[in-house]
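J.: As input, take query30.tsv (TSV, C-alpha atoms and all ligand atoms):
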chain	number	residue	atom	x	y	z
E	1	THR	CA	88.49	112.31	77.98
E	2	ALA	CA	89.81	115.84	77.63
E	3	ASP	CA	87.25	118.44	76.74
E	4	ARG	CA	88.28	120.22	73.53
E	5	SER	CA	87.10	123.62	74.67
E	6	LEU	CA	89.15	123.18	77.83
E	7	ASP	CA	92.18	122.35	75.69
E	8	ARG	CA	91.72	125.58	73.84
E	9	ASP	CA	91.21	127.52	77.07
E	10	CYS	CA	94.66	126.29	78.05
E	11	THR	CA	96.35	127.36	74.82
E	12	THR	CA	97.84	130.62	75.98
E	13	LEU	CA	100.00	132.81	73.79
E	14	SER	CA	103.36	131.87	75.27
E	15	ARG	CA	102.51	128.17	75.03
E	16	HIS	CA	101.48	128.67	71.41
E	17	VAL	CA	104.78	130.32	70.42
E	18	LEU	CA	106.73	127.39	71.85
E	19	GLN	CA	104.46	124.93	70.04
E	20	GLN	CA	104.98	126.80	66.78
E	21	LEU	CA	108.74	126.54	67.04
E	22	GLN	CA	108.47	122.94	68.19
E	23	SER	CA	111.44	123.38	70.44
E	24	PHE	CA	112.70	124.78	73.67
E	25	SER	CA	115.76	126.25	71.94
E	26	ALA	CA	117.14	129.56	73.15
E	27	GLU	CA	115.53	131.36	70.22
E	28	ALA	CA	112.14	129.76	70.86
E	29	GLN	CA	112.31	130.75	74.50
E	30	ASP	CA	113.32	134.29	73.59
E	31	LEU	CA	110.41	134.62	71.18
E	32	SER	CA	107.99	133.19	73.67
E	33	ALA	CA	109.22	135.62	76.33
E	34	LEU	CA	109.06	138.54	73.90
E	35	MET	CA	105.49	137.72	72.88
E	36	ASN	CA	104.59	137.42	76.54
E	37	ARG	CA	105.89	140.93	77.18
E	38	ILE	CA	103.96	142.27	74.19
E	39	ALA	CA	100.86	140.63	75.64
E	40	LEU	CA	101.54	142.36	78.97
E	41	ALA	CA	101.82	145.73	77.21
E	42	GLY	CA	98.51	144.98	75.47
E	43	LYS	CA	96.83	144.14	78.76
E	44	LEU	CA	98.09	147.31	80.43
E	45	ILE	CA	96.94	149.48	77.53
E	46	ALA	CA	93.57	147.69	77.31
E	47	ARG	CA	93.00	148.24	81.04
E	48	HIS	CA	93.83	151.92	80.72
E	49	LEU	CA	91.56	152.35	77.68
E	50	SER	CA	88.65	150.61	79.35
E	51	ARG	CA	88.68	153.16	82.18
E	52	ALA	CA	89.79	156.20	80.21
E	53	GLY	CA	86.40	157.93	80.33
E	54	LEU	CA	86.29	157.59	84.12
E	55	MET	CA	89.62	159.21	84.92
E	56	GLU	CA	90.89	162.77	84.81
E	57	GLY	CA	93.79	163.70	82.56
E	58	VAL	CA	93.80	160.57	80.39
E	59	LEU	CA	92.08	161.76	77.22
E	60	GLY	CA	92.90	164.69	74.96
E	61	PHE	CA	96.07	166.23	73.58
E	62	THR	CA	99.37	166.86	75.34
E	63	GLY	CA	100.02	170.04	73.38
E	64	GLU	CA	103.18	168.54	71.86
E	65	THR	CA	103.86	167.71	68.21
E	66	ASN	CA	105.64	164.44	67.38
E	67	VAL	CA	108.38	163.80	64.81
E	68	GLN	CA	105.63	163.02	62.28
E	69	GLY	CA	104.21	166.53	62.64
E	70	GLU	CA	101.09	165.19	64.38
E	71	SER	CA	99.46	166.53	67.55
E	72	VAL	CA	100.23	164.02	70.30
E	73	LYS	CA	97.45	162.54	72.42
E	74	LYS	CA	98.00	161.67	76.09
E	75	MET	CA	97.10	158.11	75.14
E	76	ASP	CA	99.97	157.98	72.59
E	77	VAL	CA	102.42	158.93	75.35
E	78	TYR	CA	100.95	156.51	77.87
E	79	ALA	CA	101.08	153.57	75.47
E	80	ASN	CA	104.57	154.51	74.29
E	81	ASP	CA	105.75	154.50	77.92
E	82	VAL	CA	104.02	151.18	78.63
E	83	PHE	CA	106.12	149.42	75.99
E	84	ILE	CA	109.31	151.01	77.34
E	85	ALA	CA	108.52	150.01	80.93
E	86	VAL	CA	107.56	146.48	79.91
E	87	PHE	CA	110.68	145.90	77.83
E	88	LYS	CA	113.08	147.50	80.28
E	89	GLN	CA	112.41	144.47	82.40
E	90	SER	CA	112.51	141.89	79.63
E	91	GLY	CA	116.28	141.62	79.44
E	92	LEU	CA	115.92	140.75	75.76
E	93	VAL	CA	115.35	144.05	74.03
E	94	CYS	CA	118.18	146.54	73.71
E	95	ARG	CA	116.44	149.11	71.51
E	96	LEU	CA	112.87	150.29	71.00
E	97	ALA	CA	111.83	152.49	68.12
E	98	SER	CA	108.36	153.94	67.83
E	99	GLU	CA	106.21	156.40	65.95
E	100	GLU	CA	106.32	158.69	68.96
E	101	MET	CA	110.11	158.87	69.40
E	102	GLU	CA	112.42	160.67	67.00
E	103	LYS	CA	115.34	158.35	67.82
E	104	PRO	CA	115.50	154.78	69.09
E	105	TYR	CA	115.35	154.34	72.85
E	106	TYR	CA	118.28	152.33	74.22
E	107	ILE	CA	118.17	150.16	77.30
E	108	PRO	CA	121.88	149.99	78.09
E	109	GLU	CA	121.47	147.46	80.89
E	110	ASN	CA	120.03	145.00	78.32
E	111	CYS	CA	122.51	145.72	75.56
E	112	PRO	CA	125.21	143.13	76.24
E	113	ILE	CA	122.60	140.38	76.04
E	114	GLY	CA	119.54	142.00	74.49
E	115	ARG	CA	119.80	141.08	70.87
E	116	TYR	CA	116.38	142.23	69.77
E	117	THR	CA	114.84	145.50	68.66
E	118	LEU	CA	111.17	146.27	69.09
E	119	LEU	CA	109.59	148.58	66.53
E	120	TYR	CA	106.09	149.71	67.41
E	121	ASP	CA	103.14	151.99	66.89
E	122	PRO	CA	101.88	152.39	70.48
E	123	ILE	CA	98.41	153.65	69.53
E	124	ASP	CA	97.20	153.20	66.00
E	125	GLY	CA	94.15	155.28	65.17
E	126	SER	CA	94.84	158.09	67.65
E	127	SER	CA	91.87	160.09	66.32
E	128	ASN	CA	89.61	157.38	67.80
E	129	THR	CA	90.93	157.73	71.37
E	130	ASP	CA	88.64	160.44	72.71
E	131	ILE	CA	85.47	158.96	71.22
E	132	ASN	CA	85.72	155.39	72.52
E	133	LEU	CA	86.21	153.69	69.16
E	134	SER	CA	88.55	150.91	68.09
E	135	LEU	CA	92.29	151.37	68.44
E	136	GLY	CA	95.33	149.23	67.91
E	137	SER	CA	99.00	148.74	68.70
E	138	ILE	CA	101.37	147.40	66.04
E	139	PHE	CA	104.64	145.60	66.78
E	140	SER	CA	107.60	144.22	64.90
E	141	ILE	CA	110.65	142.41	66.26
E	142	ARG	CA	114.03	142.33	64.55
E	143	GLN	CA	117.32	140.83	65.52
E	144	GLN	CA	119.98	143.45	66.11
E	145	GLU	CA	122.61	143.08	63.39
E	146	GLY	CA	126.12	144.20	64.20
E	147	GLU	CA	127.11	146.41	67.09
E	148	ASP	CA	125.31	149.77	66.68
E	149	THR	CA	127.99	151.33	68.88
E	150	ASP	CA	127.31	154.85	67.60
E	151	GLY	CA	123.58	154.54	68.31
E	152	SER	CA	122.65	155.27	64.70
E	153	ALA	CA	120.65	152.04	64.30
E	154	GLN	CA	121.75	151.72	60.67
E	155	ASP	CA	120.93	148.02	60.72
E	156	LEU	CA	117.24	148.89	60.98
E	157	LEU	CA	117.37	150.31	57.45
E	158	ALA	CA	116.71	146.85	56.06
E	159	PRO	CA	113.66	145.39	54.33
E	160	GLY	CA	110.63	143.95	56.12
E	161	ASP	CA	111.58	140.36	55.43
E	162	LYS	CA	114.10	140.79	58.26
E	163	GLN	CA	111.24	140.76	60.76
E	164	ILE	CA	111.24	137.71	62.98
E	165	ALA	CA	107.86	138.43	64.53
E	166	ALA	CA	105.12	140.95	63.92
E	167	GLY	CA	101.49	141.57	64.65
E	168	TYR	CA	99.02	143.82	66.33
E	169	ILE	CA	96.73	144.21	69.28
E	170	LEU	CA	93.19	145.34	68.51
E	171	TYR	CA	91.32	147.14	71.28
E	172	GLY	CA	87.73	146.57	70.22
E	173	PRO	CA	84.71	145.13	72.02
E	174	SER	CA	87.26	142.58	73.15
E	175	THR	CA	91.03	142.85	73.01
E	176	MET	CA	92.66	140.62	70.42
E	177	LEU	CA	96.27	139.86	69.65
E	178	VAL	CA	97.24	138.66	66.17
E	179	TYR	CA	100.79	137.55	65.49
E	180	THR	CA	103.10	135.76	63.12
E	181	ILE	CA	106.61	134.41	63.52
E	182	GLY	CA	106.65	133.34	59.88
E	183	LYS	CA	104.58	130.23	60.54
E	184	GLY	CA	101.10	131.41	59.74
E	185	VAL	CA	98.87	133.92	61.47
E	186	HIS	CA	97.12	133.24	64.74
E	187	SER	CA	94.66	135.24	66.79
E	188	PHE	CA	94.09	135.36	70.53
E	189	THR	CA	91.36	136.98	72.60
E	190	LEU	CA	92.03	138.48	75.99
E	191	ASP	CA	89.95	136.80	78.67
E	192	PRO	CA	89.82	139.61	81.25
E	193	SER	CA	88.82	137.23	84.02
E	194	LEU	CA	91.94	135.13	83.45
E	195	GLY	CA	94.18	137.97	82.33
E	196	GLU	CA	95.39	135.71	79.52
E	197	PHE	CA	95.28	135.80	75.76
E	198	ILE	CA	93.57	132.56	74.72
E	199	LEU	CA	93.81	131.05	71.24
E	200	THR	CA	90.90	132.06	68.99
E	201	GLU	CA	91.94	130.97	65.51
E	202	GLU	CA	95.03	129.22	64.18
E	203	ASN	CA	96.44	129.58	60.65
E	204	ILE	CA	94.06	132.30	59.53
E	205	GLN	CA	93.70	132.46	55.75
E	206	ILE	CA	92.57	135.69	54.13
E	207	PRO	CA	89.96	135.16	51.38
E	208	ASN	CA	91.34	135.68	47.84
E	209	HIS	CA	88.69	138.31	47.25
E	210	GLY	CA	86.33	140.25	49.46
E	211	PRO	CA	83.67	142.96	49.22
E	212	VAL	CA	85.35	145.63	51.33
E	213	TYR	CA	87.40	148.54	50.09
E	214	SER	CA	88.83	150.68	52.83
E	215	VAL	CA	90.29	154.09	51.98
E	216	ASN	CA	89.91	157.74	52.99
E	217	GLU	CA	87.96	159.02	49.99
E	218	GLY	CA	88.30	162.55	51.34
E	219	ASN	CA	91.69	162.47	49.63
E	220	PHE	CA	90.15	161.72	46.21
E	221	TRP	CA	91.43	164.86	44.46
E	222	GLN	CA	94.85	164.50	46.10
E	223	TRP	CA	95.46	161.11	44.51
E	224	ASP	CA	96.96	160.12	41.23
E	225	GLU	CA	94.45	159.66	38.41
E	226	SER	CA	95.05	155.86	38.43
E	227	ILE	CA	93.72	155.57	42.00
E	228	ARG	CA	90.73	157.76	41.12
E	229	GLU	CA	90.04	155.42	38.18
E	230	TYR	CA	90.16	152.39	40.50
E	231	ILE	CA	87.68	154.04	42.87
E	232	ARG	CA	85.37	154.87	39.92
E	233	TYR	CA	85.59	151.20	38.91
E	234	VAL	CA	84.56	150.16	42.44
E	235	HIS	CA	81.66	152.63	42.43
E	236	ARG	CA	80.18	151.29	39.21
E	237	THR	CA	80.78	147.61	39.98
E	238	GLU	CA	78.29	145.65	42.05
E	239	GLY	CA	79.45	143.88	45.20
E	240	TYR	CA	81.77	146.44	46.80
E	241	THR	CA	81.17	148.08	50.14
E	242	ALA	CA	83.14	150.84	51.86
E	243	ARG	CA	84.46	150.54	55.43
E	244	TYR	CA	86.94	152.97	56.98
E	245	SER	CA	87.35	153.44	60.71
E	246	GLY	CA	90.38	155.73	61.09
E	247	ALA	CA	92.47	152.93	62.60
E	248	MET	CA	94.22	150.73	60.06
E	249	VAL	CA	94.55	147.92	62.60
E	250	SER	CA	90.78	147.52	62.78
E	251	ASP	CA	90.24	148.07	59.05
E	252	ILE	CA	92.92	145.54	58.14
E	253	HIS	CA	91.71	143.08	60.77
E	254	ARG	CA	88.28	143.10	59.11
E	255	ILE	CA	89.96	142.46	55.76
E	256	LEU	CA	92.09	139.65	57.19
E	257	ILE	CA	88.93	137.85	58.26
E	258	GLN	CA	86.47	138.81	55.50
E	259	GLY	CA	88.67	139.79	52.56
E	260	GLY	CA	88.98	143.01	50.59
E	261	VAL	CA	91.56	145.75	50.23
E	262	PHE	CA	92.86	148.64	52.34
E	263	LEU	CA	94.56	151.52	50.56
E	264	TYR	CA	96.54	154.51	51.73
E	265	PRO	CA	97.97	155.88	48.49
E	266	GLY	CA	100.37	158.76	48.10
E	267	THR	CA	98.92	162.22	47.56
E	268	VAL	CA	100.09	165.23	45.57
E	269	GLN	CA	101.60	166.77	48.69
E	270	LYS	CA	102.79	163.47	50.20
E	271	PRO	CA	103.78	161.07	47.41
E	272	GLU	CA	104.78	158.50	50.04
E	273	GLY	CA	101.40	158.69	51.74
E	274	LYS	CA	101.06	158.78	55.50
E	275	LEU	CA	101.83	155.33	56.85
E	276	ARG	CA	105.24	154.45	58.16
E	277	LEU	CA	107.17	151.44	56.92
E	278	LEU	CA	109.05	150.05	59.91
E	279	TYR	CA	106.26	149.95	62.49
E	280	GLU	CA	103.06	150.17	60.43
E	281	THR	CA	103.16	148.89	56.86
E	282	ALA	CA	105.92	146.25	57.16
E	283	PRO	CA	104.49	144.43	60.20
E	284	LEU	CA	100.98	144.43	58.71
E	285	ALA	CA	102.42	143.24	55.38
E	286	PHE	CA	104.17	140.36	57.18
E	287	VAL	CA	100.87	139.33	58.81
E	288	ILE	CA	98.78	139.61	55.64
E	289	GLU	CA	101.34	137.76	53.47
E	290	GLN	CA	101.56	134.99	56.06
E	291	ALA	CA	97.77	134.70	55.79
E	292	GLY	CA	97.98	134.34	52.00
E	293	GLY	CA	97.35	137.96	51.04
E	294	ARG	CA	99.55	140.68	49.57
E	295	ALA	CA	100.91	144.12	50.41
E	296	THR	CA	102.47	146.51	47.92
E	297	THR	CA	103.30	150.17	47.38
E	298	GLY	CA	101.76	149.77	43.93
E	299	HIS	CA	105.19	149.16	42.41
E	300	GLU	CA	107.07	147.08	44.96
E	301	ASN	CA	106.16	144.54	47.62
E	302	ILE	CA	106.16	146.25	51.00
E	303	LEU	CA	108.44	143.57	52.46
E	304	ASP	CA	111.10	144.40	49.83
E	305	VAL	CA	111.20	148.13	50.46
E	306	VAL	CA	114.54	149.26	51.90
E	307	PRO	CA	114.02	152.34	54.06
E	308	THR	CA	116.52	155.18	54.05
E	309	LYS	CA	115.36	156.54	57.41
E	310	LEU	CA	113.69	155.32	60.57
E	311	HIS	CA	110.37	157.08	60.04
E	312	GLN	CA	110.12	156.43	56.30
E	313	ARG	CA	106.63	156.40	54.83
E	314	THR	CA	105.29	154.22	52.02
E	315	PRO	CA	102.04	154.08	50.08
E	316	LEU	CA	100.10	150.96	51.02
E	317	ILE	CA	97.75	148.63	49.17
E	318	ILE	CA	97.10	145.55	51.29
E	319	GLY	CA	94.64	142.70	51.52
E	320	SER	CA	93.22	139.89	49.40
E	321	LYS	CA	95.39	138.74	46.49
E	322	GLU	CA	92.86	139.48	43.76
E	323	ASP	CA	91.84	142.85	45.11
E	324	VAL	CA	95.43	144.02	45.53
E	325	ALA	CA	96.19	142.82	41.98
E	326	LYS	CA	93.23	144.86	40.69
E	327	VAL	CA	94.53	148.08	42.26
E	328	GLU	CA	98.03	147.28	41.02
E	329	SER	CA	96.74	146.85	37.51
E	330	PHE	CA	95.12	150.32	37.62
E	331	ILE	CA	98.41	151.78	38.86
E	332	GLN	CA	100.61	149.96	36.36
E	333	ASN	CA	98.33	149.64	33.30
E	334	GLY	CA	95.61	152.20	33.90
E	335	HIS	CA	92.77	149.65	34.01
E	401	LIG	P1	98.34	156.79	63.95
E	401	LIG	O1	97.11	157.03	64.76
E	401	LIG	O2	99.24	155.73	64.50
E	401	LIG	O3	99.09	158.06	63.63
E	401	LIG	O4	97.93	156.15	62.56
E	401	LIG	C1	96.75	156.50	61.97
E	401	LIG	C2	96.80	155.95	60.58
E	401	LIG	C3	95.98	154.72	60.36
E	401	LIG	O5	95.71	153.94	61.44
E	401	LIG	C4	94.72	155.21	59.74
E	401	LIG	O6	94.23	154.27	58.85
E	401	LIG	C5	95.14	156.46	59.06
E	401	LIG	O7	96.26	156.93	59.74
E	401	LIG	C6	94.08	157.51	59.07
E	401	LIG	O8	94.54	158.61	58.41
E	401	LIG	P2	93.55	159.64	57.70
E	401	LIG	O9	92.85	160.37	58.77
E	401	LIG	O10	94.48	160.51	56.89
E	401	LIG	O11	92.62	158.83	56.81
E	402	MN	MN	100.16	159.21	64.90
E	403	MN	MN	99.35	154.09	63.13
E	404	MN	MN	100.19	155.79	66.38
Re-express the file's structure as structure tokens.

T.:
Amino acid sequence: TADRSLDRDCTTLSRHVLQQLQSFSAEAQDLSALMNRIALAGKLIARHLSRAGLMEGVLGFTGETNVQGESVKKMDVYANDVFIAVFKQSGLVCRLASEEMEKPYYIPENCPIGRYTLLYDPIDGSSNTDINLSLGSIFSIRQQEGEDTDGSAQDLLAPGDKQIAAGYILYGPSTMLVYTIGKGVHSFTLDPSLGEFILTEENIQIPNHGPVYSVNEGNFWQWDESIREYIRYVHRTEGYTARYSGAMVSDIHRILIQGGVFLYPGTVQKPEGKLRLLYETAPLAFVIEQAGGRATTGHENILDVVPTKLHQRTPLIIGSKEDVAKVESFIQNGH
């Protein structure tokens, strides 16, 4: 008789994607191959992070400023390059667009056949890099629509429900990969001795309510009064607890498992907030909705937002249904 734990040990990520699609169709094979490449990028980045404190020239800033106006860390550049190198060899991806690149990166040798675009945040939570705290990578895969002959990538200016796969890698005490292809949310843990991501939990369901609220309260006086009112409500109500790590991947992962709400509202100076739609808020919204939660700007579901530019930002309220609805009600009705 087959041992159940052995069965699970054999459920690798690529196997799981094929199982999910219940076919060996061309699309299923593409998706399986794409997820495999994302897993490889995750393994390369995890390896680099685990040794970062032992090597020269790996931590710290590059001295450059990215298109977001942020100081770039060496780790941002390394991880950005890992995804490019990994997908150059995939044959399937013609364009990559990331937080760290002003314009999409084209892989011309893949373009006649490479029908997919990878959108990604190579290192999420960059401020955690030099202090050995949790980090993430976020990914989103879209089908290229039309020809994009002028390299303007206009087809990417489409809502998040065009994503065919999305998820994140969490570099914590262990490395985890969480993904969806629109058939639920599944998590995998990297077994370093096997070099494989092994199934941890299938069809994760986010609780309808949870104790955690996760927000940078340092921005309190920069927010709209409705958000301040919500935070006052949380402060005077029993049963809430604050958790904020500086990496939304880890904060939202906690909420996926234990419930609660993560907020990054707009501020006076930045009404759209900080987080970027195509490779941060939309992929996380896809994951959380697939797990039974919600993601909104406060006025519109994140997956419905149509961007007008590649690096567009949106406010974000994401997590358990009831907790998101509560914040929404403060925004829309003042209570
Ligand atoms: P990134 O490191 O990719 O630029 O993203 C950081 C994001 C997010 O992960 C985190 O929750 C948030 O920015 C932190 O911003 P504040 O320091 O403004 O709270
Ligand atoms: Mn950044
Ligand atoms: Mn980020
Ligand atoms: Mn980043």

J.: Skipping near chain neighbours, those fewer than 6 positions away, what residues fall within 10 Å of His186 in chain E using only C-alpha atoms, listed as a CSV table (one decimal) with C-alpha atoms, in the frame of the given file?

T.:
chain,number,residue,atom,x,y,z
E,13,LEU,CA,100.0,132.8,73.8
E,16,HIS,CA,101.5,128.7,71.4
E,17,VAL,CA,104.8,130.3,70.4
E,167,GLY,CA,101.5,141.6,64.6
E,177,LEU,CA,96.3,139.9,69.6
E,178,VAL,CA,97.2,138.7,66.2
E,179,TYR,CA,100.8,137.6,65.5
E,180,THR,CA,103.1,135.8,63.1
E,199,LEU,CA,93.8,131.0,71.2
E,200,THR,CA,90.9,132.1,69.0
E,201,GLU,CA,91.9,131.0,65.5
E,202,GLU,CA,95.0,129.2,64.2
E,203,ASN,CA,96.4,129.6,60.6
E,204,ILE,CA,94.1,132.3,59.5
E,205,GLN,CA,93.7,132.5,55.8
E,287,VAL,CA,100.9,139.3,58.8
E,290,GLN,CA,101.6,135.0,56.1
E,291,ALA,CA,97.8,134.7,55.8

J.: Counting only C-alpha atoms and all ligand atoms, name the residues that have an atom within 7 Å of an atom of ligand LIG 401 (chain E); the answer should be given as a PDB file with C-alpha atoms, keeping the file's coordinate frame.

T.:
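What ended up in result15.pdb:
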ATOM      1  CA  ASP E 121     103.140 151.990  66.890  1.00  0.00           C
ATOM      2  CA  ILE E 123      98.410 153.650  69.530  1.00  0.00           C
ATOM      3  CA  ASP E 124      97.200 153.200  66.000  1.00  0.00           C
ATOM      4  CA  GLY E 125      94.150 155.280  65.170  1.00  0.00           C
ATOM      5  CA  SER E 126      94.840 158.090  67.650  1.00  0.00           C
ATOM      6  CA  SER E 127      91.870 160.090  66.320  1.00  0.00           C
ATOM      7  CA  ASN E 216      89.910 157.740  52.990  1.00  0.00           C
ATOM      8  CA  GLY E 246      90.380 155.730  61.090  1.00  0.00           C
ATOM      9  CA  ALA E 247      92.470 152.930  62.600  1.00  0.00           C
ATOM     10  CA  MET E 248      94.220 150.730  60.060  1.00  0.00           C
ATOM     11  CA  VAL E 249      94.550 147.920  62.600  1.00  0.00           C
ATOM     12  CA  LYS E 274     101.060 158.780  55.500  1.00  0.00           C
ATOM     13  CA  LEU E 275     101.830 155.330  56.850  1.00  0.00           C
TER      14      LEU E 275
END

J.: I want to know what sits within 9 Å of range 70-76 of chain E, based on all atoms listed in the file, with residues of the same chain fewer than 3 positions away left out; could you give that as a ChimeraX atom specification?

T.: /E:45,48-49,57-67,79-81,100,121-124,126-127,129

J.: Just checking: using only C-alpha atoms, which residue out of E:Ile164, E:Met55, E:Cys10, E:Ala242 ends up closest to Met35 in chain E?

T.: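 Closest candidate: E:Ile164.
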
J.: Nearest to ligand MN 402 (chain E): which of E:Phe87, E:Tyr171, E:Phe24, E:Tyr120 is it, counting only C-alpha atoms and all ligand atoms?

T.: E:Tyr120

J.: Out of E:His335, E:Arg276, E:Lys270, E:Arg294, which residue has the shortest atom-to-atom distance to ligand MN 403 (chain E) when counting only C-alpha atoms and all ligand atoms?

T.: E:Arg276

J.: Leu284 in chain E: which residues within 9 Å, counting only C-alpha atoms, same-chain residues fewer than 5 positions away excluded, as JSON, numbers by chain?

T.: {"E": [138, 139, 166, 167, 168, 249, 252, 279, 289, 295, 318]}

J.: Limited to C-alpha atoms, could you put the picked residues into a file as a short mmCIF file (atom, residue, chain, number, x, y, z; two decimals), keeping the file's coordinate frame?

T.:
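Printed below is out_0.cif as written:
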data_model
loop_
_atom_site.label_atom_id
_atom_site.label_comp_id
_atom_site.auth_asym_id
_atom_site.auth_seq_id
_atom_site.Cartn_x
_atom_site.Cartn_y
_atom_site.Cartn_z
CA ILE E 138 101.37 147.40 66.04
CA PHE E 139 104.64 145.60 66.78
CA ALA E 166 105.12 140.95 63.92
CA GLY E 167 101.49 141.57 64.65
CA TYR E 168 99.02 143.82 66.33
CA VAL E 249 94.55 147.92 62.60
CA ILE E 252 92.92 145.54 58.14
CA TYR E 279 106.26 149.95 62.49
CA GLU E 289 101.34 137.76 53.47
CA ALA E 295 100.91 144.12 50.41
CA ILE E 318 97.10 145.55 51.29
#

J.: In Å, with one decimal, what is the gap from CA of Asn110 in chain E to CA of Lys43 in chain E?

T.: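 So the answer is 23.2 Å.
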
J.: May I ask for the distance between CA of Ala325 in chain E and CA of Leu278 in chain E, given in Å to one decimal place?

T.: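 Separation between CA of Ala325 in chain E and CA of Leu278 in chain E: 23.2 Å.
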
J.: Figure out the distance between CA of Tyr105 in chain E and CA of Gln154 in chain E, please, to one decimal in Å.

T.: 14.0 Å

J.: Taking the partial coordinates given, rebuild range 282-295 of chain E to contain N, CA and C atoms; return it as a PDB file, keeping the file's coordinate frame.

T.:
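Writing the result to out.pdb gives the following:
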ATOM      1  N   ALA E 282     105.174 147.525  57.236  1.00  0.00           N
ATOM      2  CA  ALA E 282     105.920 146.250  57.160  1.00  0.00           C
ATOM      3  C   ALA E 282     105.348 145.175  58.093  1.00  0.00           C
ATOM      4  N   PRO E 283     105.079 145.492  59.357  1.00  0.00           N
ATOM      5  CA  PRO E 283     104.490 144.430  60.200  1.00  0.00           C
ATOM      6  C   PRO E 283     103.132 143.946  59.687  1.00  0.00           C
ATOM      7  N   LEU E 284     102.285 144.868  59.223  1.00  0.00           N
ATOM      8  CA  LEU E 284     100.980 144.430  58.710  1.00  0.00           C
ATOM      9  C   LEU E 284     101.146 143.632  57.417  1.00  0.00           C
ATOM     10  N   ALA E 285     102.140 144.002  56.610  1.00  0.00           N
ATOM     11  CA  ALA E 285     102.420 143.240  55.380  1.00  0.00           C
ATOM     12  C   ALA E 285     102.868 141.821  55.724  1.00  0.00           C
ATOM     13  N   PHE E 286     103.693 141.694  56.753  1.00  0.00           N
ATOM     14  CA  PHE E 286     104.170 140.360  57.180  1.00  0.00           C
ATOM     15  C   PHE E 286     102.958 139.497  57.577  1.00  0.00           C
ATOM     16  N   VAL E 287     102.059 140.071  58.368  1.00  0.00           N
ATOM     17  CA  VAL E 287     100.870 139.330  58.810  1.00  0.00           C
ATOM     18  C   VAL E 287     100.016 138.926  57.600  1.00  0.00           C
ATOM     19  N   ILE E 288      99.715 139.890  56.749  1.00  0.00           N
ATOM     20  CA  ILE E 288      98.780 139.610  55.640  1.00  0.00           C
ATOM     21  C   ILE E 288      99.408 138.621  54.643  1.00  0.00           C
ATOM     22  N   GLU E 289     100.700 138.738  54.379  1.00  0.00           N
ATOM     23  CA  GLU E 289     101.340 137.760  53.470  1.00  0.00           C
ATOM     24  C   GLU E 289     101.329 136.367  54.086  1.00  0.00           C
ATOM     25  N   GLN E 290     101.573 136.301  55.384  1.00  0.00           N
ATOM     26  CA  GLN E 290     101.560 134.990  56.060  1.00  0.00           C
ATOM     27  C   GLN E 290     100.160 134.362  56.039  1.00  0.00           C
ATOM     28  N   ALA E 291      99.137 135.209  55.873  1.00  0.00           N
ATOM     29  CA  ALA E 291      97.770 134.700  55.790  1.00  0.00           C
ATOM     30  C   ALA E 291      97.349 134.438  54.349  1.00  0.00           C
ATOM     31  N   GLY E 292      98.286 134.629  53.407  1.00  0.00           N
ATOM     32  CA  GLY E 292      97.980 134.340  52.000  1.00  0.00           C
ATOM     33  C   GLY E 292      97.539 135.554  51.201  1.00  0.00           C
ATOM     34  N   GLY E 293      97.693 136.739  51.766  1.00  0.00           N
ATOM     35  CA  GLY E 293      97.350 137.960  51.040  1.00  0.00           C
ATOM     36  C   GLY E 293      98.590 138.662  50.517  1.00  0.00           C
ATOM     37  N   ARG E 294      98.418 139.930  50.127  1.00  0.00           N
ATOM     38  CA  ARG E 294      99.550 140.680  49.570  1.00  0.00           C
ATOM     39  C   ARG E 294      99.579 142.113  50.094  1.00  0.00           C
ATOM     40  N   ALA E 295     100.761 142.721  50.018  1.00  0.00           N
ATOM     41  CA  ALA E 295     100.910 144.120  50.410  1.00  0.00           C
ATOM     42  C   ALA E 295     101.946 144.756  49.488  1.00  0.00           C
TER      43      ALA E 295
END
